[in-house]
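Here's the structure, in structure tokens; my notes come after.
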Amino acid sequence: MRTSGNTLPTASEEMFLTDGGLETTLVFLEGFDLPYFAAFDLLKSQEGYEAVKNYYLRYLNLAKKYKTNFILETPTWRANPDWIEKIGYPKNALATINEDAVALMTDLKSLFSNDFNSVLISGCIGPRGDGYVLENCMTPEESELYHSAQIKVLSETPVDFVSALTMNYVDEVIGIVRAATVFGLPAVISFTVETDGKLPTGMSLKEAIKKIDENTTIPPLYYMINCAHPTHFLAELNAGKNENWTKRIKGFRANASCKSHAELDEATELDRGIPKQLGAAYKELKDSFAHVNVFGGCCGTDEEHIEEIISQIR
């Protein structure tokens, strides 16, 4: 298994910041057209490349201001075989797409090499289907085979680990973790949950984490929750506050909006929520779960939200 030259969140009590809602920022705040929410598609033009680069620079400077560590999440959430073909890329473009995204992260990391104790690069993996809706469901074996294509490419780049974001059912996750193990990479798993704090399948986070840990030879490095508002999952976490499964959760990337996934799917305007309230919700999470040390945002969040989060936690 690959070992990072930098300190991982599991080996430190220090804070790790990451970015906010990449796709919603680019679409709603900067006016870019992202087919199927695929941010990597912008890297093909100079204008798009600069927009993505400047997006990350804003968060790196924020982390520098507050003296935290940072995790650079590659803009490759949609860079898996099915999605790149839907967008119009040939199958053999998979390697170039992911390699170019990691190269940008590597360049950004070098710019701040003297400003942080640890800057990590995470190779971002998204679901084969829609993040909100259960579709294209696979067995663990099918998932391992499918996601191996992207994970193999990422394993040949200087990423510190892979992170599967907005995961909504367990079998796909088990396949991803197994594939990461084959290619020598640690895996981080981030679930999305509905307003009741449970996965879209109805499975609890407790059951999901237990099942994944028991069905992988090298379990995930840690777990996260993303693409849901803290009010959706705080009660579920508090119910298991003194149980081992909550100790496996190390990070949050919450939505700005309190709306459900179904409501967000229908939305034509950005719901930024109230940044101060989101910051207060993260403060409550940190007070209840002191071991959590990875903080970022998801849909609808931008630098204002992340600064509220870090300043209120601090």
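Naming works like this for the structure tokens: A, B, ... for the chains as they're shown, residue 1 at the start of each chain, ligands 1 onward in shown order.
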Closest pair table for region 22-126 of chain A residues within 10 Å of region 247-271 of chain A, only C-alpha atoms, as a Markdown table:
```
| residue | atom | partner | partner_atom | distance |
| --- | --- | --- | --- | --- |
| A:Thr24 | CA | A:Leu270 | CA | 7.5 |
| A:Thr25 | CA | A:Leu270 | CA | 9.1 |
| A:Val27 | CA | A:Leu270 | CA | 9.3 |
| A:Phe28 | CA | A:Leu270 | CA | 6.4 |
| A:Leu29 | CA | A:Leu270 | CA | 8.5 |
```
- For Ala149 (chain A), list every protein, DNA or RNA residue within 12 Å, evaluated using only C-alpha atoms, and leave out those in the same chain fewer than 3 positions away; present the list as a list of chain:residue names.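 Final neighbour list, sorted by chain and number: A:Ala79, A:Asn80, A:Pro81, A:Asp82, A:Lys91, A:Asn92, A:Ala93, A:Leu94, A:Ala95, A:Asn98, A:Ile125, A:Ser143, A:Glu144, A:Leu145, A:Tyr146, A:Lys152, A:Val153, A:Leu154, A:Ser155, A:Glu156, A:Ile176, A:Ala179, A:Ala180, A:Val182, A:Phe183.
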- Pick from A:Ile97, A:Ala281, A:Ala11, A:Ile274, whichever lies nearest to Asp302 (chain A) using only C-alpha atoms: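 Looking only at the distances to Asp302 (chain A), the closest residue turns out to be A:Ile274.
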- May I have the residues within 7 Å of region 159-170 of chain A as number ranges by chain, using only C-alpha atoms and disregarding those fewer than 3 positions away in the same chain? A: 4, 120-127, 131, 154, 173-174, 185-192, 199-201, 208, 212, 226-227
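Residues in contact with region 108-119 of chain A at up to 8 Å, not including ones fewer than 3 positions away on its chain and judged by only C-alpha atoms, are Asn6, Thr7, Leu8, Lys53, Leu57, Leu60, Lys64, Lys67, Thr68, Asn69, Phe70, Ile71, Leu72, Leu104 and Met105 of chain A.
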- Message: I'd like the contact shell of Leu205 (chain A) - 9 Å cut-off, only C-alpha atoms, skipping same-chain residues fewer than 2 positions apart - returned as a list in words.
- Response: Phe191, Val193, Gly197, Lys198, Leu199, Met203, Glu207, Ala208, Ile209, Lys210, Glu236, Leu237, Trp245 and Thr246 of chain A
Quick one: write out the picked residues with N, CA and C atoms as an mmCIF file, in the first residue's frame?
```cif
data_model
loop_
_atom_site.group_PDB
_atom_site.id
_atom_site.type_symbol
_atom_site.label_atom_id
_atom_site.label_comp_id
_atom_site.auth_asym_id
_atom_site.auth_seq_id
_atom_site.Cartn_x
_atom_site.Cartn_y
_atom_site.Cartn_z
ATOM 1 N N PHE A 191 -20.030 9.193 1.812
ATOM 2 C CA PHE A 191 -21.417 8.886 1.509
ATOM 3 C C PHE A 191 -22.249 10.152 1.352
ATOM 4 N N VAL A 193 -26.313 11.209 1.988
ATOM 5 C CA VAL A 193 -27.467 10.681 2.710
ATOM 6 C C VAL A 193 -28.693 11.532 2.413
ATOM 7 N N GLY A 197 -30.837 11.058 7.208
ATOM 8 C CA GLY A 197 -29.503 10.635 7.604
ATOM 9 C C GLY A 197 -29.108 9.252 7.127
ATOM 10 N N LYS A 198 -29.934 8.637 6.289
ATOM 11 C CA LYS A 198 -29.651 7.302 5.785
ATOM 12 C C LYS A 198 -29.305 7.353 4.296
ATOM 13 N N LEU A 199 -28.606 6.324 3.827
ATOM 14 C CA LEU A 199 -28.292 6.239 2.406
ATOM 15 C C LEU A 199 -29.580 6.158 1.588
ATOM 16 N N MET A 203 -30.309 2.184 3.978
ATOM 17 C CA MET A 203 -29.333 1.623 4.920
ATOM 18 C C MET A 203 -28.763 2.714 5.815
ATOM 19 N N GLU A 207 -24.592 0.643 9.558
ATOM 20 C CA GLU A 207 -24.599 -0.637 8.856
ATOM 21 C C GLU A 207 -23.685 -0.595 7.637
ATOM 22 N N ALA A 208 -23.694 0.528 6.913
ATOM 23 C CA ALA A 208 -22.875 0.650 5.710
ATOM 24 C C ALA A 208 -21.386 0.560 6.047
ATOM 25 N N ILE A 209 -20.953 1.298 7.049
ATOM 26 C CA ILE A 209 -19.542 1.292 7.428
ATOM 27 C C ILE A 209 -19.118 -0.090 7.909
ATOM 28 N N LYS A 210 -19.965 -0.721 8.719
ATOM 29 C CA LYS A 210 -19.658 -2.068 9.222
ATOM 30 C C LYS A 210 -19.528 -3.060 8.073
ATOM 31 N N GLU A 236 -28.441 11.376 13.290
ATOM 32 C CA GLU A 236 -27.965 10.016 13.061
ATOM 33 C C GLU A 236 -26.592 9.814 13.696
ATOM 34 N N LEU A 237 -25.713 10.809 13.548
ATOM 35 C CA LEU A 237 -24.386 10.707 14.149
ATOM 36 C C LEU A 237 -24.465 10.758 15.672
ATOM 37 N N TRP A 245 -18.311 3.136 14.973
ATOM 38 C CA TRP A 245 -18.498 3.515 13.566
ATOM 39 C C TRP A 245 -18.380 5.024 13.363
ATOM 40 N N THR A 246 -18.795 5.805 14.361
ATOM 41 C CA THR A 246 -18.675 7.260 14.194
ATOM 42 C C THR A 246 -17.218 7.710 14.273
#
```
- Task: May I ask for the distance between CA of Gly300 (chain A) and CA of Gly21 (chain A), given in Å to one decimal place?
- Result: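 Calculated distance between CA of Gly300 (chain A) and CA of Gly21 (chain A) is 5.7 Å.
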- Message: Ranking A:Gly48, A:Thr157, A:Ala235, A:Trp83 by minimum distance to Thr106 (chain A) and counting only C-alpha atoms, which one comes first?
- Response: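 Closest to Thr106 (chain A), using only C-alpha atoms: A:Thr157.
The strand (DSSP E or B) portion of region 110-179 of chain A consists of Val119, Leu120, Ile121, Ser122, Gly123, Cys124, Ile125, Phe161, Val162, Ser163, Ala164, Leu165, Thr166 and Met167 of chain A, with states taken from DSSP on the backbone.
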- Message: Between A:Gly202, A:Gly88, A:Pro158, A:Gly175, which residue has the minimum interatomic distance to Asp107 (chain A), considering only C-alpha atoms?
- Response: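 Closest to Asp107 (chain A), using only C-alpha atoms: A:Pro158.
You can rank A:Trp77, A:Tyr66, A:Phe32, A:Phe37 by their closest distance to Ala51 (chain A) using only C-alpha atoms, and at the top of that list sits A:Phe32.
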- Message: Residues of region 46-261 of chain A classed as helix (DSSP H, G or I) by DSSP on the backbone are to be reported as a PyMOL selection string.
- Response: chain A and resi 46-66+81-87+91-111+140-155+170-182+205-214+230-239+244-247+261
- Note on the structure: Pairwise distance, CA of Lys283 (chain A) with CA of Arg314 (chain A), equals 8.6 Å
- Message: Between CA of Glu284 (chain A) and CA of Pro230 (chain A), what is the distance in Å, rounded to a tenth?
- Response: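 Those two atoms sit 9.5 Å apart.
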- Looking at only C-alpha atoms, which of A:Glu308, A:Asp33, A:Glu73, A:Glu47 is the one that sits closest to Asp19 (chain A)?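 For Asp19 (chain A), the nearest of the candidates is A:Glu73.
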- Nearest to Thr18 (chain A) by atom-to-atom distance, counting only C-alpha atoms, from A:Tyr223, A:Phe233, A:Phe295, A:Tyr36: A:Phe295
- Write out as a PyMOL selection string the residues lying within 12 Å of Leu43 (chain A), counting only C-alpha atoms and excluding same-chain residues fewer than 2 positions away. chain A and resi 34+38-41+45-53+74-76+96-104
